[in-house]
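What's in coords27.pdb: PDB, C-alpha atoms and all ligand atoms
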```
ATOM      1  CA  MET A   1      -8.719 -17.309   9.419
ATOM      2  CA  ASP A   2      -7.159 -20.276   7.654
ATOM      3  CA  ALA A   3      -4.595 -19.220   5.000
ATOM      4  CA  LEU A   4      -6.639 -20.747   2.176
ATOM      5  CA  GLU A   5      -9.775 -18.839   3.225
ATOM      6  CA  LEU A   6      -7.753 -15.640   3.370
ATOM      7  CA  LEU A   7      -6.252 -16.258  -0.070
ATOM      8  CA  LYS A   8      -9.586 -17.124  -1.642
ATOM      9  CA  SER A   9     -11.508 -14.220  -0.127
ATOM     10  CA  ARG A  10      -9.004 -11.491  -1.149
ATOM     11  CA  ARG A  11     -10.247  -9.453  -4.115
ATOM     12  CA  SER A  12      -8.729  -6.685  -6.220
ATOM     13  CA  ILE A  13     -10.647  -3.613  -5.089
ATOM     14  CA  ARG A  14     -10.946  -0.525  -7.246
ATOM     15  CA  LYS A  15     -13.174   1.688  -5.055
ATOM     16  CA  TYR A  16     -11.956   2.975  -1.696
ATOM     17  CA  LYS A  17     -13.334   4.916   1.254
ATOM     18  CA  SER A  18     -11.519   8.134   2.113
ATOM     19  CA  THR A  19     -10.945   6.812   5.687
ATOM     20  CA  PRO A  20      -7.202   7.078   6.402
ATOM     21  CA  VAL A  21      -5.270   3.864   6.994
ATOM     22  CA  GLU A  22      -3.609   3.658  10.403
ATOM     23  CA  ASP A  23       0.225   3.786  10.244
ATOM     24  CA  GLU A  24       0.436   0.653  12.461
ATOM     25  CA  LYS A  25      -1.527  -1.259   9.809
ATOM     26  CA  ILE A  26       0.642   0.069   6.978
ATOM     27  CA  GLU A  27       3.728  -0.951   8.951
ATOM     28  CA  LYS A  28       2.353  -4.482   9.432
ATOM     29  CA  CYS A  29       1.801  -4.790   5.677
ATOM     30  CA  ILE A  30       5.372  -3.639   4.989
ATOM     31  CA  GLU A  31       6.658  -6.064   7.594
ATOM     32  CA  ALA A  32       4.792  -8.877   5.823
ATOM     33  CA  ALA A  33       6.326  -7.778   2.500
ATOM     34  CA  ARG A  34       9.819  -7.815   4.031
ATOM     35  CA  TRP A  35       9.371 -11.465   5.008
ATOM     36  CA  ALA A  36       8.777 -12.635   1.436
ATOM     37  CA  PRO A  37      11.065 -15.394   0.178
ATOM     38  CA  SER A  38      13.780 -14.535  -2.349
ATOM     39  CA  ALA A  39      16.360 -16.414  -4.395
ATOM     40  CA  SER A  40      19.478 -16.883  -2.238
ATOM     41  CA  ASN A  41      17.737 -14.609   0.268
ATOM     42  CA  LYS A  42      19.060 -11.594  -1.669
ATOM     43  CA  GLN A  43      15.948  -9.486  -1.049
ATOM     44  CA  PRO A  44      16.297  -7.366  -4.211
ATOM     45  CA  TRP A  45      13.653  -4.839  -3.195
ATOM     46  CA  GLU A  46      12.969  -1.478  -1.591
ATOM     47  CA  PHE A  47       9.599   0.047  -0.829
ATOM     48  CA  ILE A  48       8.021   3.502  -1.016
ATOM     49  CA  ILE A  49       4.767   4.374   0.743
ATOM     50  CA  VAL A  50       2.878   7.278  -0.806
ATOM     51  CA  LYS A  51      -0.023   9.025   0.934
ATOM     52  CA  ASP A  52       0.246  12.448  -0.716
ATOM     53  CA  GLU A  53      -2.936  13.068  -2.695
ATOM     54  CA  LYS A  54      -1.271  15.177  -5.398
ATOM     55  CA  MET A  55       1.237  12.428  -6.044
ATOM     56  CA  ARG A  56      -1.486   9.748  -6.141
ATOM     57  CA  LYS A  57      -3.410  11.814  -8.664
ATOM     58  CA  LYS A  58      -0.303  12.052 -10.850
ATOM     59  CA  PHE A  59       0.051   8.245 -10.674
ATOM     60  CA  ALA A  60      -3.573   7.910 -11.786
ATOM     61  CA  GLU A  61      -2.940  10.237 -14.744
ATOM     62  CA  LEU A  62       0.109   8.270 -15.866
ATOM     63  CA  HIS A  63      -1.164   4.701 -15.364
ATOM     64  CA  PRO A  64      -4.025   3.910 -17.767
ATOM     65  CA  TYR A  65      -5.362   1.049 -15.627
ATOM     66  CA  ALA A  66      -4.912   2.415 -12.103
ATOM     67  CA  LYS A  67      -7.292   5.362 -11.840
ATOM     68  CA  PHE A  68      -8.293   4.045  -8.380
ATOM     69  CA  VAL A  69      -4.974   5.155  -6.803
ATOM     70  CA  ALA A  70      -6.303   8.707  -6.866
ATOM     71  CA  GLU A  71      -8.892   7.557  -4.268
ATOM     72  CA  SER A  72      -7.048   4.934  -2.212
ATOM     73  CA  PRO A  73      -5.481   6.781   0.733
ATOM     74  CA  VAL A  74      -2.204   4.843   0.404
ATOM     75  CA  VAL A  75      -0.128   3.532  -2.487
ATOM     76  CA  PHE A  76       2.548   0.906  -1.922
ATOM     77  CA  VAL A  77       5.366   1.158  -4.484
ATOM     78  CA  PRO A  78       7.643  -1.903  -4.490
ATOM     79  CA  LEU A  79      10.971  -1.304  -6.266
ATOM     80  CA  THR A  80      13.014  -4.131  -7.716
ATOM     81  CA  ASN A  81      16.772  -4.223  -8.247
ATOM     82  CA  PRO A  82      17.926  -6.257 -11.282
ATOM     83  CA  GLU A  83      21.574  -5.734 -10.264
ATOM     84  CA  ILE A  84      21.054  -7.764  -7.084
ATOM     85  CA  HIS A  85      19.514 -10.729  -8.878
ATOM     86  CA  PRO A  86      19.185 -10.372 -12.688
ATOM     87  CA  LYS A  87      17.241 -13.618 -13.053
ATOM     88  CA  TYR A  88      14.850 -13.674 -10.091
ATOM     89  CA  HIS A  89      14.426 -10.059  -8.970
ATOM     90  CA  MET A  90      10.923  -9.842 -10.434
ATOM     91  CA  SER A  91       9.570 -13.043  -8.941
ATOM     92  CA  ASP A  92      11.127 -12.103  -5.583
ATOM     93  CA  THR A  93       9.607  -8.631  -5.579
ATOM     94  CA  GLY A  94       6.300 -10.034  -6.818
ATOM     95  CA  SER A  95       6.241 -12.196  -3.678
ATOM     96  CA  THR A  96       6.563  -9.092  -1.497
ATOM     97  CA  ILE A  97       3.443  -7.713  -3.155
ATOM     98  CA  MET A  98       1.447 -10.856  -2.386
ATOM     99  CA  HIS A  99       2.632 -10.818   1.241
ATOM    100  CA  PHE A 100       1.637  -7.165   1.509
ATOM    101  CA  MET A 101      -1.801  -7.786   0.002
ATOM    102  CA  ILE A 102      -2.577 -10.797   2.169
ATOM    103  CA  GLU A 103      -1.584  -9.024   5.382
ATOM    104  CA  ALA A 104      -3.721  -6.046   4.313
ATOM    105  CA  HIS A 105      -6.679  -8.355   3.713
ATOM    106  CA  SER A 106      -6.238  -9.969   7.118
ATOM    107  CA  LEU A 107      -6.457  -6.464   8.662
ATOM    108  CA  GLY A 108      -9.724  -5.659   6.870
ATOM    109  CA  LEU A 109      -8.010  -3.539   4.230
ATOM    110  CA  ALA A 110      -8.195  -3.901   0.469
ATOM    111  CA  THR A 111      -5.608  -3.659  -2.285
ATOM    112  CA  CYS A 112      -5.227  -3.697  -6.034
ATOM    113  CA  TRP A 113      -1.958  -4.503  -7.804
ATOM    114  CA  ALA A 114      -1.299  -2.449 -10.958
ATOM    115  CA  GLY A 115       1.723  -3.621 -12.940
ATOM    116  CA  VAL A 116       4.366  -1.051 -13.927
ATOM    117  CA  ILE A 117       7.726  -2.657 -14.770
ATOM    118  CA  GLY A 118       8.475  -2.346 -18.501
ATOM    119  CA  ALA A 119       5.516  -0.046 -19.169
ATOM    120  CA  SER A 120       6.043   3.077 -21.287
ATOM    121  CA  PHE A 121       5.140   5.313 -18.328
ATOM    122  CA  GLU A 122       7.577   3.682 -15.861
ATOM    123  CA  SER A 123      10.286   6.317 -16.469
ATOM    124  CA  GLU A 124       7.811   9.158 -15.783
ATOM    125  CA  LEU A 125       6.764   7.503 -12.523
ATOM    126  CA  LYS A 126      10.432   7.034 -11.592
ATOM    127  CA  LYS A 127      11.100  10.738 -12.156
ATOM    128  CA  LEU A 128       8.140  11.735  -9.981
ATOM    129  CA  LEU A 129       9.433   9.615  -7.097
ATOM    130  CA  ASN A 130      13.117  10.439  -7.538
ATOM    131  CA  ILE A 131      14.003   6.790  -8.082
ATOM    132  CA  PRO A 132      17.600   6.072  -9.191
ATOM    133  CA  ASP A 133      18.266   4.480 -12.607
ATOM    134  CA  HIS A 134      19.301   1.062 -11.294
ATOM    135  CA  LEU A 135      15.881   0.378  -9.719
ATOM    136  CA  ASN A 136      12.612  -0.485 -11.425
ATOM    137  CA  ILE A 137       9.065   0.051 -10.232
ATOM    138  CA  MET A 138       7.479  -3.358 -10.040
ATOM    139  CA  ALA A 139       3.950  -2.082  -9.475
ATOM    140  CA  ILE A 140       1.812   0.483  -7.755
ATOM    141  CA  VAL A 141      -0.496  -1.139  -5.224
ATOM    142  CA  ALA A 142      -3.555   0.664  -3.889
ATOM    143  CA  LEU A 143      -4.264   0.250  -0.159
ATOM    144  CA  GLY A 144      -7.317   1.386   1.770
ATOM    145  CA  TYR A 145     -10.687   0.478   3.223
ATOM    146  CA  PRO A 146     -12.886  -1.108   0.527
ATOM    147  CA  ASP A 147     -15.954   0.651  -0.820
ATOM    148  CA  GLN A 148     -17.142  -2.238  -2.993
ATOM    149  CA  THR A 149     -17.421  -6.005  -2.923
ATOM    150  CA  ARG A 150     -16.307  -8.061  -5.901
ATOM    151  CA  GLU A 151     -16.431 -11.616  -7.151
ATOM    152  CA  SER A 152     -13.680 -13.431  -8.993
ATOM    153  CA  SER A 153     -13.054 -16.854 -10.470
ATOM    154  CA  ARG A 154     -10.217 -19.182 -11.327
ATOM    155  CA  LYS A 155      -9.701 -21.870 -13.964
ATOM    156  CA  PRO A 156     -10.828 -25.285 -12.728
ATOM    157  CA  LEU A 157      -8.169 -27.417 -11.057
ATOM    158  CA  ASP A 158      -8.449 -30.220 -13.607
ATOM    159  CA  GLU A 159      -7.298 -27.811 -16.348
ATOM    160  CA  LEU A 160      -4.157 -26.960 -14.411
ATOM    161  CA  VAL A 161      -2.956 -29.890 -12.404
ATOM    162  CA  HIS A 162      -0.952 -32.866 -13.563
ATOM    163  CA  TRP A 163       0.002 -35.559 -11.107
ATOM    164  CA  GLU A 164       3.449 -37.139 -11.512
ATOM    165  CA  LYS A 165       3.863 -36.223 -15.228
ATOM    166  CA  TYR A 166       2.372 -33.805 -17.750
ATOM    167  CA  SER A 167      -0.755 -35.387 -19.255
ATOM    168  CA  LYS A 168      -3.456 -34.128 -21.617
TER     169      LYS A 168
HETATM  170  C1  LIG B 201       1.054  -8.457 -12.508
HETATM  171  C2  LIG B 201      -0.351  -7.912 -12.283
HETATM  172  C3  LIG B 201      -0.709  -6.731 -12.888
HETATM  173  C4  LIG B 201      -1.999  -6.207 -12.671
HETATM  174  N1  LIG B 201      -2.286  -4.983 -13.212
HETATM  175  C5  LIG B 201      -3.515  -4.450 -12.980
HETATM  176  C6  LIG B 201      -3.821  -3.146 -13.465
HETATM  177  O1  LIG B 201      -2.999  -2.482 -14.100
HETATM  178  N2  LIG B 201      -5.031  -2.636 -13.170
HETATM  179  C7  LIG B 201      -5.984  -3.336 -12.460
HETATM  180  O2  LIG B 201      -7.075  -2.794 -12.244
HETATM  181  N3  LIG B 201      -5.722  -4.574 -11.980
HETATM  182  C8  LIG B 201      -4.514  -5.151 -12.217
HETATM  183  N4  LIG B 201      -4.210  -6.383 -11.689
HETATM  184  C9  LIG B 201      -5.225  -7.111 -10.885
HETATM  185  C10 LIG B 201      -5.859  -8.244 -11.693
HETATM  186  O3  LIG B 201      -6.714  -7.700 -12.672
HETATM  187  C11 LIG B 201      -6.648  -9.185 -10.734
HETATM  188  O4  LIG B 201      -5.763  -9.772  -9.822
HETATM  189  C12 LIG B 201      -7.399 -10.287 -11.483
HETATM  190  O5  LIG B 201      -8.397  -9.749 -12.320
HETATM  191  C13 LIG B 201      -8.067 -11.295 -10.539
HETATM  192  O6  LIG B 201      -8.954 -10.631  -9.653
HETATM  193  P1  LIG B 201      -8.805 -10.831  -8.064
HETATM  194  O7  LIG B 201      -7.435 -10.314  -7.686
HETATM  195  O8  LIG B 201      -9.922 -10.038  -7.440
HETATM  196  O9  LIG B 201      -8.965 -12.297  -7.789
HETATM  197  C14 LIG B 201      -2.941  -6.929 -11.885
HETATM  198  C15 LIG B 201      -2.555  -8.118 -11.269
HETATM  199  C16 LIG B 201      -1.268  -8.606 -11.456
HETATM  200  C17 LIG B 201      -0.867  -9.875 -10.742
END
```

With the file now loaded, output its structure as structure tokens.
Ligand SMILES: Cc1cc2nc3c(=O)[nH]c(=O)nc-3n(C[C@H](O)[C@H](O)[C@H](O)COP(=O)(O)O)c2cc1C
Amino acid sequence: MDALELLKSRRSIRKYKSTPVEDEKIEKCIEAARWAPSASNKQPWEFIIVKDEKMRKKFAELHPYAKFVAESPVVFVPLTNPEIHPKYHMSDTGSTIMHFMIEAHSLGLATCWAGVIGASFESELKKLLNIPDHLNIMAIVALGYPDQTRESSRKPLDELVHWEKYSK
């Protein structure tokens, strides 16, 4: 599939089948994440993959907008390291999430990004996962086979794009 078709057809999915996700597919998604671009190629990220149901249920209790991680068989947890790149660590680690989600979509899997960094419950999540102080949790990202179809929309191009100079 053309990259644009893949990008446009990906949706945030909040209902998942209980079908397990094959490890080879999870590994491909992580590999895609690893190949994200980063400022000065510093790669200020580490990743945790969580399958354990008890842990996923605890995530769902703590995160007010990510109840679906209790059902998705896998949760991808990208960690970001501000010490490696104080200015760009978040945009770099955000790119890993997009790579992960697009690879998942290309494999017939679905995802949903739920933001964590800076949230009041981030420290509780860090404790659960034994994450050292110097790392932050960028997000928790559900991964699994979709059990719903969804539509989405974007602002029209002419509201966003300026050619050559900013113009109103
Ligand atoms: C930084 C970020 C944080 C998000 N946090 C949540 C969240 O907490 N819960 C949720 O259900 N979706 C979350 N989303 C998904 C967005 O709601 C979704 O991408 C948006 O509504 C567009 O839908 P689409 O991805 O299907 O095109 C988040 C997305 C981003 C990029």

Check what the PyMOL selection byres (((chain A and resi 84) around 9) and not hetatm) selects in the file above and give those residues as a CSV table (one decimal) with C-alpha atoms, in the coordinates of the input.
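Wrote it out as out.csv, contents follow:
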```
chain,number,residue,atom,x,y,z
A,42,LYS,CA,19.1,-11.6,-1.7
A,43,GLN,CA,15.9,-9.5,-1.0
A,44,PRO,CA,16.3,-7.4,-4.2
A,45,TRP,CA,13.7,-4.8,-3.2
A,80,THR,CA,13.0,-4.1,-7.7
A,81,ASN,CA,16.8,-4.2,-8.2
A,82,PRO,CA,17.9,-6.3,-11.3
A,83,GLU,CA,21.6,-5.7,-10.3
A,85,HIS,CA,19.5,-10.7,-8.9
A,86,PRO,CA,19.2,-10.4,-12.7
A,89,HIS,CA,14.4,-10.1,-9.0
```

Contacts between range 137-145 of chain A and range 42-124 of chain A, please, where a residue of range 42-124 of chain A counts if it comes within 6 Å (with all atoms listed in the file); show its shortest atom pair and distance in Å to one decimal, rows by chain and ascending number, as a Markdown table.
```
| residue | atom | partner | partner_atom | distance |
| --- | --- | --- | --- | --- |
| A:Val69 | CA | A:Ala142 | CA | 5.5 |
| A:Ser72 | CA | A:Gly144 | CA | 5.3 |
| A:Pro73 | CA | A:Gly144 | CA | 5.8 |
| A:Val74 | CA | A:Leu143 | CA | 5.1 |
| A:Val75 | CA | A:Ala142 | CA | 4.7 |
| A:Phe76 | CA | A:Val141 | CA | 4.9 |
| A:Val77 | CA | A:Ile140 | CA | 4.9 |
| A:Pro78 | CA | A:Met138 | CA | 5.7 |
| A:Leu79 | CA | A:Ile137 | CA | 4.6 |
| A:Leu109 | CA | A:Tyr145 | CA | 4.9 |
| A:Ala110 | CA | A:Gly144 | CA | 5.5 |
| A:Thr111 | CA | A:Leu143 | CA | 4.6 |
| A:Cys112 | CA | A:Ala142 | CA | 5.1 |
| A:Trp113 | CA | A:Val141 | CA | 4.5 |
| A:Ala114 | CA | A:Ile140 | CA | 5.3 |
| A:Gly115 | CA | A:Ala139 | CA | 4.4 |
| A:Val116 | CA | A:Ala139 | CA | 4.6 |
| A:Ile117 | CA | A:Met138 | CA | 4.8 |
```

What does the PyMOL selection byres (((chain A and resi 96) around 8) and not hetatm) select in this file, as a short mmCIF file (atom, residue, chain, number, x, y, z; two decimals) with C-alpha atoms, in the coordinates of the input?
```
data_model
loop_
_atom_site.label_atom_id
_atom_site.label_comp_id
_atom_site.auth_asym_id
_atom_site.auth_seq_id
_atom_site.Cartn_x
_atom_site.Cartn_y
_atom_site.Cartn_z
CA ALA A 32 4.79 -8.88 5.82
CA ALA A 33 6.33 -7.78 2.50
CA ARG A 34 9.82 -7.82 4.03
CA TRP A 35 9.37 -11.46 5.01
CA ALA A 36 8.78 -12.64 1.44
CA PRO A 37 11.06 -15.39 0.18
CA PRO A 78 7.64 -1.90 -4.49
CA ASP A 92 11.13 -12.10 -5.58
CA THR A 93 9.61 -8.63 -5.58
CA GLY A 94 6.30 -10.03 -6.82
CA SER A 95 6.24 -12.20 -3.68
CA ILE A 97 3.44 -7.71 -3.16
CA MET A 98 1.45 -10.86 -2.39
CA HIS A 99 2.63 -10.82 1.24
CA PHE A 100 1.64 -7.16 1.51
#
```

Using all atoms listed in the file, what residues lie at most 8 Å away from (-16.1, 1.3, 3.7) (file coordinates), given as a compact mmCIF listing (two decimals) with C-alpha atoms, in the coordinates of the input?
```
# COMPACT_ATOMS: atom_id res chain seq x y z
CA TYR A 16 -11.96 2.98 -1.70
CA LYS A 17 -13.33 4.92 1.25
CA THR A 19 -10.94 6.81 5.69
CA TYR A 145 -10.69 0.48 3.22
CA PRO A 146 -12.89 -1.11 0.53
CA ASP A 147 -15.95 0.65 -0.82
CA GLN A 148 -17.14 -2.24 -2.99
```

Proximity to ligand LIG 201 (chain B) - best of A:Met1, A:Met90, A:Ile48, A:Ile30, all atoms listed in the file: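 Closest to ligand LIG 201 (chain B), using all atoms listed in the file: A:Met90.
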
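Once the PyMOL selection byres (((not hetatm)) within 7 of (chain B and resi 201)) is applied to this file, the selection holds Arg10, Arg11, Ser12, Ile13, Arg14, Tyr65, Ala66, Cys112, Trp113, Ala114, Gly115, Arg150, Glu151, Ser152 and Ser153 of chain A.
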
One-decimal distance in Å that lies between CA of Phe47 in chain A and CA of Phe121 in chain A: 18.8 Å

Once you add 8 Å to each side, what are the centre and edge lengths of the axis-aligned box holding all listed atoms of range 63-66 of chain A? One decimal in Å, as AutoDock Vina command-line options, if you can.
```
--center_x -3.3 --center_y 2.9 --center_z -14.9 --size_x 20.2 --size_y 19.7 --size_z 21.7
```

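The residue set within 9 Å of Met55 in chain A, counting all atoms listed in the file and dropping same-chain residues fewer than 6 places from it, reads Ala70, Leu128 and Leu129 of chain A.
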
Output the selection as a compact mmCIF listing (two decimals), keeping the file's coordinate frame - C-alpha atoms for each residue.
```
# COMPACT_ATOMS: atom_id res chain seq x y z
CA ALA A 70 -6.30 8.71 -6.87
CA LEU A 128 8.14 11.74 -9.98
CA LEU A 129 9.43 9.62 -7.10
```

Grab the CA of Met101 in chain A to CA of Lys51 in chain A distance for me, in Å with one decimal place.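 Between CA of Met101 in chain A and CA of Lys51 in chain A the gap is 16.9 Å.
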
CA of His105 in chain A to CA of Leu6 in chain A measures 7.4 Å

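Of the residues listed (A:Gly118, A:Tyr88, A:Lys28, A:His134), A:Tyr88 shows the shortest atom-to-atom separation from Asn41 in chain A; distances use only C-alpha atoms.
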
Nearest to Glu22 in chain A: which of A:Ala39, A:Ile131, A:Val161, A:Ala104 is it, counting only C-alpha atoms? A:Ala104

Given the choices A:Lys87, A:Lys54, A:Ser167, A:Leu160, which gets closest to Glu71 in chain A if the distance is worked out from only C-alpha atoms? A:Lys54
